[in-house]
file run.cif (mmCIF, C-alpha atoms and all ligand atoms)
data_query
#
loop_
_atom_site.label_atom_id
_atom_site.label_comp_id
_atom_site.auth_asym_id
_atom_site.auth_seq_id
_atom_site.Cartn_x
_atom_site.Cartn_y
_atom_site.Cartn_z
CA MET A 1 178.04 108.67 82.73
CA VAL A 2 174.90 108.67 80.59
CA ASP A 3 174.90 111.35 77.92
CA VAL A 4 171.28 112.49 78.29
CA ALA A 5 171.40 114.50 75.04
CA ALA A 6 172.85 111.67 72.94
CA GLY A 7 169.63 111.19 70.97
CA ARG A 8 169.27 114.87 70.04
CA PRO A 9 172.73 116.38 69.54
CA GLU A 10 171.26 119.86 69.06
CA LEU A 11 170.10 119.75 72.70
CA ALA A 12 173.63 119.28 74.03
CA GLY A 13 174.36 123.02 73.82
CA ALA A 14 171.25 123.71 75.84
CA LEU A 15 172.71 121.91 78.84
CA ARG A 16 175.51 124.47 78.97
CA ASP A 17 173.26 127.42 78.07
CA PRO A 18 169.75 126.51 79.26
CA LEU A 19 168.36 130.00 78.65
CA SER A 20 169.02 129.49 74.93
CA LEU A 21 165.97 127.21 75.02
CA PHE A 22 163.86 130.32 75.52
CA ASP A 23 165.50 132.34 72.73
CA VAL A 24 162.81 133.67 70.38
CA SER A 25 164.70 136.67 68.98
CA GLY A 26 164.05 137.23 65.30
CA ARG A 27 161.03 134.94 65.36
CA THR A 28 157.70 136.05 63.94
CA ALA A 29 154.41 135.98 65.83
CA VAL A 30 150.81 136.54 64.82
CA VAL A 31 148.66 137.79 67.70
CA THR A 32 144.88 138.15 67.49
CA GLY A 33 143.07 140.14 70.16
CA ALA A 34 146.31 142.10 70.47
CA SER A 35 144.48 145.13 71.85
CA GLY A 36 143.27 143.13 74.87
CA ALA A 37 144.98 142.77 78.23
CA TYR A 38 146.72 139.45 77.57
CA GLY A 39 147.32 140.18 73.87
CA ARG A 40 149.00 143.47 74.74
CA THR A 41 151.13 141.97 77.49
CA ILE A 42 152.47 138.99 75.56
CA SER A 43 153.08 141.22 72.52
CA ILE A 44 155.19 143.67 74.52
CA ALA A 45 157.14 140.79 76.08
CA LEU A 46 157.84 139.21 72.68
CA GLY A 47 158.79 142.62 71.30
CA ALA A 48 161.29 143.06 74.12
CA LEU A 49 162.77 139.69 73.17
CA GLY A 50 163.36 140.87 69.59
CA CYS A 51 160.39 139.28 67.83
CA ARG A 52 158.63 140.55 64.74
CA LEU A 53 154.88 140.78 65.32
CA LEU A 54 151.73 141.05 63.28
CA LEU A 55 149.08 142.35 65.66
CA ALA A 56 145.38 142.08 64.83
CA SER A 57 142.21 143.18 66.55
CA GLY A 58 138.92 144.84 65.68
CA SER A 59 139.60 148.33 67.01
CA LYS A 60 142.26 150.56 65.45
CA GLU A 61 143.02 152.98 68.24
CA PRO A 62 143.89 150.51 71.01
CA LEU A 63 145.72 148.37 68.48
CA ASP A 64 147.90 151.32 67.39
CA GLN A 65 148.60 152.04 71.04
CA VAL A 66 149.79 148.48 71.69
CA ALA A 67 151.87 148.57 68.49
CA ALA A 68 153.62 151.70 69.76
CA GLU A 69 154.38 149.96 73.08
CA VAL A 70 155.72 146.89 71.30
CA ALA A 71 157.97 149.04 69.11
CA GLU A 72 159.18 150.94 72.16
CA ALA A 73 160.06 147.60 73.81
CA GLY A 74 162.25 146.73 70.81
CA GLY A 75 159.91 144.70 68.61
CA THR A 76 159.29 145.10 64.89
CA VAL A 77 155.57 145.43 64.43
CA ARG A 78 152.79 145.62 61.82
CA THR A 79 149.06 145.84 62.49
CA LEU A 80 145.88 144.73 60.79
CA VAL A 81 142.46 145.87 61.99
CA ARG A 82 140.65 142.57 61.72
CA ARG A 83 138.90 140.00 63.87
CA PRO A 84 139.08 136.34 62.83
CA GLU A 85 135.37 136.03 62.04
CA THR A 86 135.67 134.16 58.73
CA LEU A 87 138.32 132.04 57.05
CA LEU A 88 138.98 135.00 54.76
CA ASP A 89 139.74 137.22 57.79
CA ALA A 90 141.97 134.57 59.32
CA GLY A 91 143.78 134.13 56.00
CA ASP A 92 144.24 137.90 55.70
CA ILE A 93 145.73 138.11 59.21
CA VAL A 94 148.22 135.30 58.58
CA GLY A 95 148.81 136.60 55.04
CA ALA A 96 149.72 140.05 56.36
CA ALA A 97 152.35 138.45 58.60
CA VAL A 98 153.74 136.37 55.73
CA GLU A 99 153.94 139.43 53.51
CA ALA A 100 155.68 141.53 56.16
CA PHE A 101 158.02 138.95 57.71
CA GLY A 102 157.79 135.56 55.99
CA LEU A 103 156.24 132.41 57.52
CA PRO A 104 155.24 133.01 61.15
CA HIS A 105 156.82 130.87 63.86
CA MET A 106 154.06 131.49 66.42
CA LEU A 107 150.32 131.96 66.47
CA ILE A 108 148.79 133.39 69.63
CA VAL A 109 145.00 133.58 69.69
CA ALA A 110 144.32 136.10 72.43
CA SER A 111 140.92 137.23 71.13
CA GLY A 112 137.91 136.22 73.18
CA LEU A 113 134.59 137.27 74.58
CA ASN A 114 132.22 136.69 77.47
CA ARG A 115 128.60 137.79 77.73
CA PRO A 116 127.41 136.42 81.05
CA ALA A 117 123.66 135.84 81.33
CA MET A 118 121.62 133.22 83.11
CA VAL A 119 120.59 130.57 80.62
CA ASP A 120 116.88 131.38 80.96
CA ASP A 121 117.56 135.00 80.05
CA MET A 122 120.26 134.54 77.46
CA ALA A 123 119.42 135.34 73.85
CA GLU A 124 120.70 132.79 71.35
CA PRO A 125 122.73 135.37 69.35
CA ASP A 126 124.70 136.18 72.51
CA TRP A 127 125.46 132.49 73.09
CA GLN A 128 126.50 132.18 69.46
CA ALA A 129 128.70 135.31 69.62
CA VAL A 130 130.67 133.82 72.54
CA MET A 131 131.09 130.51 70.75
CA ASP A 132 132.14 132.27 67.54
CA ALA A 133 134.75 134.43 69.24
CA ASN A 134 136.11 131.72 71.55
CA VAL A 135 135.91 128.54 69.44
CA ARG A 136 135.38 129.42 65.80
CA GLY A 137 138.04 132.17 65.94
CA PRO A 138 140.84 129.90 67.26
CA TRP A 139 139.82 127.15 64.82
CA LEU A 140 139.90 129.56 61.86
CA MET A 141 143.24 131.06 62.91
CA ALA A 142 144.80 127.62 63.40
CA LYS A 143 143.51 126.51 60.01
CA ALA A 144 144.92 129.62 58.28
CA PHE A 145 148.26 129.21 60.10
CA SER A 146 148.47 125.55 59.07
CA ALA A 147 147.70 126.39 55.44
CA ALA A 148 150.46 129.02 55.41
CA VAL A 149 153.20 126.89 56.97
CA GLY A 150 152.36 123.75 54.99
CA ASP A 151 155.18 121.20 55.21
CA ASP A 152 157.43 123.66 57.04
CA GLY A 153 155.91 123.11 60.48
CA ARG A 154 158.83 121.99 62.62
CA GLY A 155 159.35 124.18 65.68
CA ARG A 156 156.29 126.33 65.02
CA LYS A 157 153.96 127.07 67.93
CA VAL A 158 150.27 127.67 68.42
CA LEU A 159 149.05 129.07 71.73
CA PHE A 160 145.39 129.35 72.67
CA VAL A 161 143.91 131.02 75.75
CA SER A 162 141.47 128.76 77.55
CA SER A 163 140.28 129.33 81.12
CA VAL A 164 139.70 127.44 84.35
CA ARG A 165 136.08 127.75 83.16
CA GLY A 166 136.78 125.08 80.56
CA ARG A 167 136.95 122.65 83.48
CA HIS A 168 134.81 124.22 86.23
CA GLY A 169 131.23 125.38 85.94
CA ASN A 170 130.13 128.78 87.16
CA ALA A 171 126.62 129.66 88.29
CA ALA A 172 126.96 133.30 87.25
CA GLY A 173 125.64 132.98 83.71
CA TYR A 174 128.44 131.05 82.00
CA SER A 175 126.42 128.65 79.83
CA ALA A 176 128.24 129.96 76.75
CA TYR A 177 131.67 130.79 78.18
CA CYS A 178 132.31 127.49 80.00
CA PRO A 179 131.41 125.29 77.00
CA SER A 180 133.44 127.56 74.71
CA LYS A 181 136.57 127.11 76.83
CA GLY A 182 135.94 123.37 77.18
CA ALA A 183 135.94 123.33 73.37
CA VAL A 184 139.25 125.23 73.31
CA ASP A 185 140.74 122.52 75.57
CA ALA A 186 139.50 119.81 73.20
CA LEU A 187 140.73 121.71 70.13
CA THR A 188 144.15 122.03 71.76
CA ARG A 189 144.34 118.26 72.25
CA VAL A 190 143.03 117.47 68.77
CA LEU A 191 145.39 119.84 66.93
CA GLY A 192 148.27 118.79 69.16
CA THR A 193 147.80 115.20 68.03
CA GLU A 194 146.88 116.02 64.42
CA TRP A 195 149.88 118.30 63.85
CA GLY A 196 152.41 116.54 66.05
CA PRO A 197 153.89 114.65 63.09
CA ARG A 198 154.49 118.03 61.39
CA GLY A 199 156.40 119.30 64.43
CA ILE A 200 153.89 122.05 65.21
CA THR A 201 153.12 122.27 68.93
CA VAL A 202 149.64 123.36 70.04
CA ASN A 203 149.04 124.27 73.67
CA ALA A 204 146.75 126.46 75.76
CA ILE A 205 147.10 128.45 78.94
CA ALA A 206 144.12 128.39 81.28
CA PRO A 207 144.04 131.33 83.68
CA THR A 208 141.63 132.16 86.42
CA VAL A 209 140.48 135.77 86.79
CA PHE A 210 143.16 138.25 85.73
CA ARG A 211 142.83 142.00 85.28
CA SER A 212 141.35 142.97 81.90
CA ALA A 213 138.36 144.67 80.29
CA LEU A 214 136.47 141.37 80.72
CA THR A 215 137.00 141.37 84.49
CA ASP A 216 137.39 145.05 85.25
CA TRP A 217 134.24 145.01 87.43
CA ILE A 218 135.75 142.39 89.78
CA PHE A 219 138.68 144.70 90.53
CA ARG A 220 136.46 147.72 91.27
CA ASP A 221 136.15 149.06 94.79
CA ASP A 222 132.37 148.80 94.98
CA GLU A 223 130.11 146.30 96.74
CA ARG A 224 129.66 144.04 93.71
CA GLY A 225 133.37 144.05 92.91
CA ARG A 226 134.41 143.41 96.52
CA ALA A 227 131.96 140.51 96.88
CA ALA A 228 133.15 138.87 93.65
CA ARG A 229 136.79 139.44 94.56
CA ASP A 230 136.37 137.91 98.03
CA ARG A 231 134.47 134.94 96.59
CA ASN A 232 137.17 134.26 94.00
CA ILE A 233 140.15 134.83 96.28
CA SER A 234 138.76 132.51 98.95
CA ARG A 235 139.01 129.67 96.38
CA ILE A 236 142.52 130.57 95.15
CA PRO A 237 145.30 129.03 97.27
CA LEU A 238 147.74 131.84 96.39
CA ARG A 239 145.10 134.28 97.72
CA ARG A 240 145.08 136.87 94.96
CA LEU A 241 143.64 137.45 91.50
CA GLY A 242 145.90 137.40 88.47
CA GLU A 243 147.57 140.11 86.44
CA PRO A 244 148.26 139.71 82.70
CA GLU A 245 151.97 139.69 83.54
CA ASP A 246 151.41 136.44 85.51
CA LEU A 247 150.83 134.72 82.17
CA VAL A 248 154.03 135.78 80.44
CA GLY A 249 156.45 133.17 81.85
CA ILE A 250 154.39 130.13 80.92
CA SER A 251 153.56 131.67 77.55
CA LEU A 252 157.25 132.13 76.75
CA TYR A 253 157.85 128.49 77.62
CA LEU A 254 155.04 127.37 75.31
CA LEU A 255 156.21 129.69 72.50
CA SER A 256 159.92 128.88 72.61
CA PRO A 257 162.07 125.82 71.79
CA ALA A 258 161.92 124.98 75.52
CA SER A 259 158.52 123.38 74.86
CA ASP A 260 159.44 121.45 71.71
CA PHE A 261 158.39 118.13 73.35
CA CYS A 262 155.17 119.51 74.86
CA THR A 263 151.96 119.56 72.83
CA GLY A 264 148.20 119.20 73.23
CA GLN A 265 148.39 120.50 76.81
CA VAL A 266 146.20 122.89 78.76
CA VAL A 267 148.37 124.55 81.41
CA TYR A 268 146.61 126.13 84.37
CA VAL A 269 147.96 129.49 85.52
CA ASP A 270 145.42 130.05 88.22
CA GLY A 271 147.03 130.59 91.61
CA GLY A 272 146.21 126.95 92.37
CA TYR A 273 142.45 127.29 91.81
CA THR A 274 142.08 123.98 89.96
CA ALA A 275 144.33 122.15 92.42
CA GLY A 276 141.83 122.41 95.26
N1 LIG A 301 140.55 138.17 82.01
C1 LIG A 301 140.31 136.99 82.58
O1 LIG A 301 140.07 136.90 83.81
C2 LIG A 301 140.39 135.74 81.79
C3 LIG A 301 140.40 134.52 82.47
C4 LIG A 301 140.52 133.33 81.75
C5 LIG A 301 140.62 133.39 80.37
N2 LIG A 301 140.60 134.61 79.73
C6 LIG A 301 140.72 134.60 78.27
O2 LIG A 301 141.86 135.36 77.90
C7 LIG A 301 141.70 135.81 76.55
C8 LIG A 301 142.08 137.27 76.48
O3 LIG A 301 141.12 138.00 77.22
P1 LIG A 301 141.46 139.33 78.03
O4 LIG A 301 141.08 139.08 79.43
O5 LIG A 301 142.80 139.82 77.69
O6 LIG A 301 140.28 140.24 77.48
P2 LIG A 301 140.20 141.63 76.74
O7 LIG A 301 141.17 142.57 77.34
O8 LIG A 301 138.77 141.96 76.70
O9 LIG A 301 140.70 141.24 75.27
C9 LIG A 301 139.89 140.52 74.41
C10 LIG A 301 140.35 140.76 72.98
O10 LIG A 301 139.45 140.08 72.10
C11 LIG A 301 138.96 140.98 71.10
N3 LIG A 301 137.54 140.70 70.87
C12 LIG A 301 136.47 141.19 71.52
N4 LIG A 301 135.34 140.70 71.02
C13 LIG A 301 135.71 139.87 70.01
C14 LIG A 301 135.00 139.08 69.09
N5 LIG A 301 133.65 139.03 69.08
N6 LIG A 301 135.70 138.34 68.19
C15 LIG A 301 137.05 138.37 68.18
N7 LIG A 301 137.77 139.14 69.02
C16 LIG A 301 137.10 139.88 69.92
C17 LIG A 301 139.18 142.37 71.63
O11 LIG A 301 139.61 143.27 70.62
P3 LIG A 301 138.67 144.06 69.63
O12 LIG A 301 137.41 144.38 70.36
O13 LIG A 301 139.50 145.25 69.28
O14 LIG A 301 138.50 143.13 68.48
C18 LIG A 301 140.36 142.21 72.58
O15 LIG A 301 141.56 142.47 71.89
C19 LIG A 301 140.24 135.50 76.18
O16 LIG A 301 140.18 134.32 75.43
C20 LIG A 301 139.58 135.27 77.53
O17 LIG A 301 138.45 134.43 77.45
C21 LIG A 301 140.48 135.77 80.40
#
call {"tool": "encode", "arguments": {"input": "run.cif", "output": "structure tokens", "more": "lines below"}}
Ligand SMILES: NC(=O)c1ccc[n+]([C@@H]2O[C@H](COP(=O)([O-])OP(=O)(O)OC[C@H]3O[C@@H](n4cnc5c(N)ncnc54)[C@H](OP(=O)(O)O)[C@@H]3O)[C@@H](O)[C@H]2O)c1
result
Amino acid sequence: MVDVAAGRPELAGALRDPLSLFDVSGRTAVVTGASGAYGRTISIALGALGCRLLLASGSKEPLDQVAAEVAEAGGTVRTLVRRPETLLDAGDIVGAAVEAFGLPHMLIVASGLNRPAMVDDMAEPDWQAVMDANVRGPWLMAKAFSAAVGDDGRGRKVLFVSSVRGRHGNAAGYSAYCPSKGAVDALTRVLGTEWGPRGITVNAIAPTVFRSALTDWIFRDDERGRAARDRNISRIPLRRLGEPEDLVGISLYLLSPASDFCTGQVVYVDGGYTAG
């Protein structure tokens, strides 16, 4: 019989205890945009799995609320009211995690922004704000994370949040959002290749519409919401919109040792939207 784990003896145990591949207890995570729908959800899930978390976002009250939920779930948590707008901010966010818990194992960039407007009506500062939040922010956070971990990269994980809009256009005023998510996809591939030799994996999840402050209007029971919902659902093979909880399983895979041989990938969690 072929011993499939012969080349990596440490994997042999995983064959007898496959769930150990997903064990993240005691690991440290930095989460930006932690006050948002996805940031909150993945933070609570990691807290329940025994992680130590540094949560960052720009607004104190919602951040404190999420921190309380993470602690209640069993996580150890610190907060920093900060958005990754400059390299100094990004360094402060990672630095706060290092100070509290030591070198972080995971970086999750869950901060992001959309300001839909038709291109003819869109003011340049709005376009720039979307690009800054969605591209510059992840780049700055990844750079600060890399600087902190230095040569000690093996097994560390970076997770970005892209979107099906990185691949598909949208006629509803997405001339900033779509290019910003296309750039996240490219950044994921570049950092995955650049940092592969250091053992750091870099991946992204790409959802379609899921319930959050960004998409709240699509879930509303008014004419505009119903029309948008019907339009979206008709293109989604699984015939529903997403919930933030739909993103947890794939995120845990990409944040745990289970994904140690997976990097530079954009994984669609979209009810099949991009398959059709
Ligand atoms: N919801 C969807 O349907 C959907 C679909 C595909 C992809 N995504 C992506 O998923 C990620 C999470 O979004 P979400 O849906 O969870 O949205 P959300 O609930 O609005 O959360 C967004 C987070 O980003 C922070 N943020 C807002 N403006 C920012 C800025 N200018 N710079 C940095 N941070 C800023 C917010 O916190 P503060 O305001 O406190 O800083 C908040 O914590 C985003 O990258 C989004 O593009 C969402």
call {"tool": "atom_distance", "arguments": {"input": "run.cif", "atom1": "atom C13 of ligand LIG 301 (chain A)", "atom2": "atom CA of Ala147 of chain A"}}
result
23.2 Å
call {"tool": "residues_around", "arguments": {"input": "run.cif", "residues": "Tyr253 of chain A", "least_positions_apart": "5", "cutoff": "7 Å", "atoms": "only C-alpha atoms", "output": "ChimeraX atom specification"}}
result
/A:22,258-259
call {"tool": "residues_near_point", "arguments": {"input": "run.cif", "point": "(141.1, 141.3, 57.6)", "cutoff": "8 Å", "atoms": "all atoms listed in the file", "output": "PDB file with C-alpha atoms, keeping the file's coordinate frame"}}
result
ATOM      1  CA  LEU A  80     145.880 144.730  60.790  1.00  0.00           C
ATOM      2  CA  VAL A  81     142.460 145.870  61.990  1.00  0.00           C
ATOM      3  CA  ARG A  82     140.650 142.570  61.720  1.00  0.00           C
ATOM      4  CA  ARG A  83     138.900 140.000  63.870  1.00  0.00           C
ATOM      5  CA  PRO A  84     139.080 136.340  62.830  1.00  0.00           C
ATOM      6  CA  LEU A  88     138.980 135.000  54.760  1.00  0.00           C
ATOM      7  CA  ASP A  89     139.740 137.220  57.790  1.00  0.00           C
ATOM      8  CA  ALA A  90     141.970 134.570  59.320  1.00  0.00           C
ATOM      9  CA  GLY A  91     143.780 134.130  56.000  1.00  0.00           C
ATOM     10  CA  ASP A  92     144.240 137.900  55.700  1.00  0.00           C
ATOM     11  CA  ILE A  93     145.730 138.110  59.210  1.00  0.00           C
TER      12      ILE A  93
END
call {"tool": "residues_around", "arguments": {"input": "run.cif", "residues": "segment 133-144 of chain A", "least_positions_apart": "2", "cutoff": "10 Å", "atoms": "all atoms listed in the file", "output": "CSV table (one decimal) with C-alpha atoms, keeping the file's coordinate frame"}}
result
chain,number,residue,atom,x,y,z
A,30,VAL,CA,150.8,136.5,64.8
A,31,VAL,CA,148.7,137.8,67.7
A,32,THR,CA,144.9,138.2,67.5
A,83,ARG,CA,138.9,140.0,63.9
A,84,PRO,CA,139.1,136.3,62.8
A,85,GLU,CA,135.4,136.0,62.0
A,86,THR,CA,135.7,134.2,58.7
A,87,LEU,CA,138.3,132.0,57.0
A,88,LEU,CA,139.0,135.0,54.8
A,89,ASP,CA,139.7,137.2,57.8
A,90,ALA,CA,142.0,134.6,59.3
A,91,GLY,CA,143.8,134.1,56.0
A,92,ASP,CA,144.2,137.9,55.7
A,93,ILE,CA,145.7,138.1,59.2
A,94,VAL,CA,148.2,135.3,58.6
A,95,GLY,CA,148.8,136.6,55.0
A,107,LEU,CA,150.3,132.0,66.5
A,108,ILE,CA,148.8,133.4,69.6
A,109,VAL,CA,145.0,133.6,69.7
A,110,ALA,CA,144.3,136.1,72.4
A,111,SER,CA,140.9,137.2,71.1
A,112,GLY,CA,137.9,136.2,73.2
A,113,LEU,CA,134.6,137.3,74.6
A,114,ASN,CA,132.2,136.7,77.5
A,128,GLN,CA,126.5,132.2,69.5
A,129,ALA,CA,128.7,135.3,69.6
A,130,VAL,CA,130.7,133.8,72.5
A,131,MET,CA,131.1,130.5,70.8
A,146,SER,CA,148.5,125.6,59.1
A,147,ALA,CA,147.7,126.4,55.4
A,148,ALA,CA,150.5,129.0,55.4
A,149,VAL,CA,153.2,126.9,57.0
A,158,VAL,CA,150.3,127.7,68.4
A,159,LEU,CA,149.0,129.1,71.7
A,160,PHE,CA,145.4,129.4,72.7
A,161,VAL,CA,143.9,131.0,75.8
A,162,SER,CA,141.5,128.8,77.6
A,176,ALA,CA,128.2,130.0,76.8
A,177,TYR,CA,131.7,130.8,78.2
A,179,PRO,CA,131.4,125.3,77.0
A,180,SER,CA,133.4,127.6,74.7
A,181,LYS,CA,136.6,127.1,76.8
A,182,GLY,CA,135.9,123.4,77.2
A,183,ALA,CA,135.9,123.3,73.4
A,184,VAL,CA,139.2,125.2,73.3
A,185,ASP,CA,140.7,122.5,75.6
A,187,LEU,CA,140.7,121.7,70.1
A,188,THR,CA,144.2,122.0,71.8
A,191,LEU,CA,145.4,119.8,66.9
A,202,VAL,CA,149.6,123.4,70.0
call {"tool": "atom_distance", "arguments": {"input": "run.cif", "atom1": "atom CA of Asp216 of chain A", "atom2": "atom CA of Leu53 of chain A"}}
result
26.9 Å
call {"tool": "residues_near_ligand", "arguments": {"input": "run.cif", "ligand": "ligand LIG 301 (chain A)", "cutoff": "6 Å", "atoms": "all atoms listed in the file", "output": "ChimeraX atom specification"}}
result
/A:33-39,57-59,83,110-113,133,161-163,207-215
call {"tool": "write_last_selection", "arguments": {"input": "run.cif", "atoms": "C-alpha atoms", "output": "JSON list (two decimals), in the frame of the given file"}}
result
[["chain", "number", "residue", "atom", "x", "y", "z"],
["A", 33, "GLY", "CA", 143.07, 140.14, 70.16],
["A", 34, "ALA", "CA", 146.31, 142.10, 70.47],
["A", 35, "SER", "CA", 144.48, 145.13, 71.85],
["A", 36, "GLY", "CA", 143.27, 143.13, 74.87],
["A", 37, "ALA", "CA", 144.98, 142.77, 78.23],
["A", 38, "TYR", "CA", 146.72, 139.45, 77.57],
["A", 39, "GLY", "CA", 147.32, 140.18, 73.87],
["A", 57, "SER", "CA", 142.21, 143.18, 66.55],
["A", 58, "GLY", "CA", 138.92, 144.84, 65.68],
["A", 59, "SER", "CA", 139.60, 148.33, 67.01],
["A", 83, "ARG", "CA", 138.90, 140.00, 63.87],
["A", 110, "ALA", "CA", 144.32, 136.10, 72.43],
["A", 111, "SER", "CA", 140.92, 137.23, 71.13],
["A", 112, "GLY", "CA", 137.91, 136.22, 73.18],
["A", 113, "LEU", "CA", 134.59, 137.27, 74.58],
["A", 133, "ALA", "CA", 134.75, 134.43, 69.24],
["A", 161, "VAL", "CA", 143.91, 131.02, 75.75],
["A", 162, "SER", "CA", 141.47, 128.76, 77.55],
["A", 163, "SER", "CA", 140.28, 129.33, 81.12],
["A", 207, "PRO", "CA", 144.04, 131.33, 83.68],
["A", 208, "THR", "CA", 141.63, 132.16, 86.42],
["A", 209, "VAL", "CA", 140.48, 135.77, 86.79],
["A", 210, "PHE", "CA", 143.16, 138.25, 85.73],
["A", 211, "ARG", "CA", 142.83, 142.00, 85.28],
["A", 212, "SER", "CA", 141.35, 142.97, 81.90],
["A", 213, "ALA", "CA", 138.36, 144.67, 80.29],
["A", 214, "LEU", "CA", 136.47, 141.37, 80.72],
["A", 215, "THR", "CA", 137.00, 141.37, 84.49]]
call {"tool": "build_atoms", "arguments": {"input": "run.cif", "residues": "segment 155-170 of chain A", "atoms": "N, CA and C atoms", "output": "compact mmCIF listing (two decimals), in the coordinates of the input"}}
result
# COMPACT_ATOMS: atom_id res chain seq x y z
N GLY A 155 158.96 123.11 64.76
CA GLY A 155 159.35 124.18 65.68
C GLY A 155 158.35 125.33 65.75
N ARG A 156 157.28 125.24 64.96
CA ARG A 156 156.29 126.33 65.02
C ARG A 156 155.31 126.06 66.15
N LYS A 157 154.71 127.15 66.66
CA LYS A 157 153.96 127.07 67.93
C LYS A 157 152.60 127.73 67.82
N VAL A 158 151.59 127.05 68.30
CA VAL A 158 150.27 127.67 68.42
C VAL A 158 149.92 127.73 69.90
N LEU A 159 149.45 128.89 70.33
CA LEU A 159 149.05 129.07 71.73
C LEU A 159 147.64 129.64 71.80
N PHE A 160 146.75 128.89 72.44
CA PHE A 160 145.39 129.35 72.67
C PHE A 160 145.26 129.84 74.12
N VAL A 161 144.20 130.62 74.36
CA VAL A 161 143.91 131.02 75.75
C VAL A 161 142.58 130.40 76.15
N SER A 162 142.67 129.38 76.99
CA SER A 162 141.47 128.76 77.55
C SER A 162 141.16 129.47 78.87
N SER A 163 140.66 128.74 79.83
CA SER A 163 140.28 129.33 81.12
C SER A 163 140.02 128.18 82.10
N VAL A 164 140.13 128.46 83.38
CA VAL A 164 139.70 127.44 84.35
C VAL A 164 138.23 127.09 84.12
N ARG A 165 137.50 127.99 83.43
CA ARG A 165 136.08 127.75 83.16
C ARG A 165 135.86 126.68 82.09
N GLY A 166 136.91 126.23 81.46
CA GLY A 166 136.78 125.08 80.56
C GLY A 166 136.61 123.80 81.35
N ARG A 167 136.98 123.85 82.64
CA ARG A 167 136.95 122.65 83.48
C ARG A 167 135.92 122.77 84.60
N HIS A 168 135.74 123.99 85.12
CA HIS A 168 134.81 124.22 86.23
C HIS A 168 133.58 124.97 85.73
N GLY A 169 132.43 124.60 86.22
CA GLY A 169 131.23 125.38 85.94
C GLY A 169 131.23 126.67 86.72
N ASN A 170 130.27 127.53 86.43
CA ASN A 170 130.13 128.78 87.16
C ASN A 170 128.66 129.18 87.09
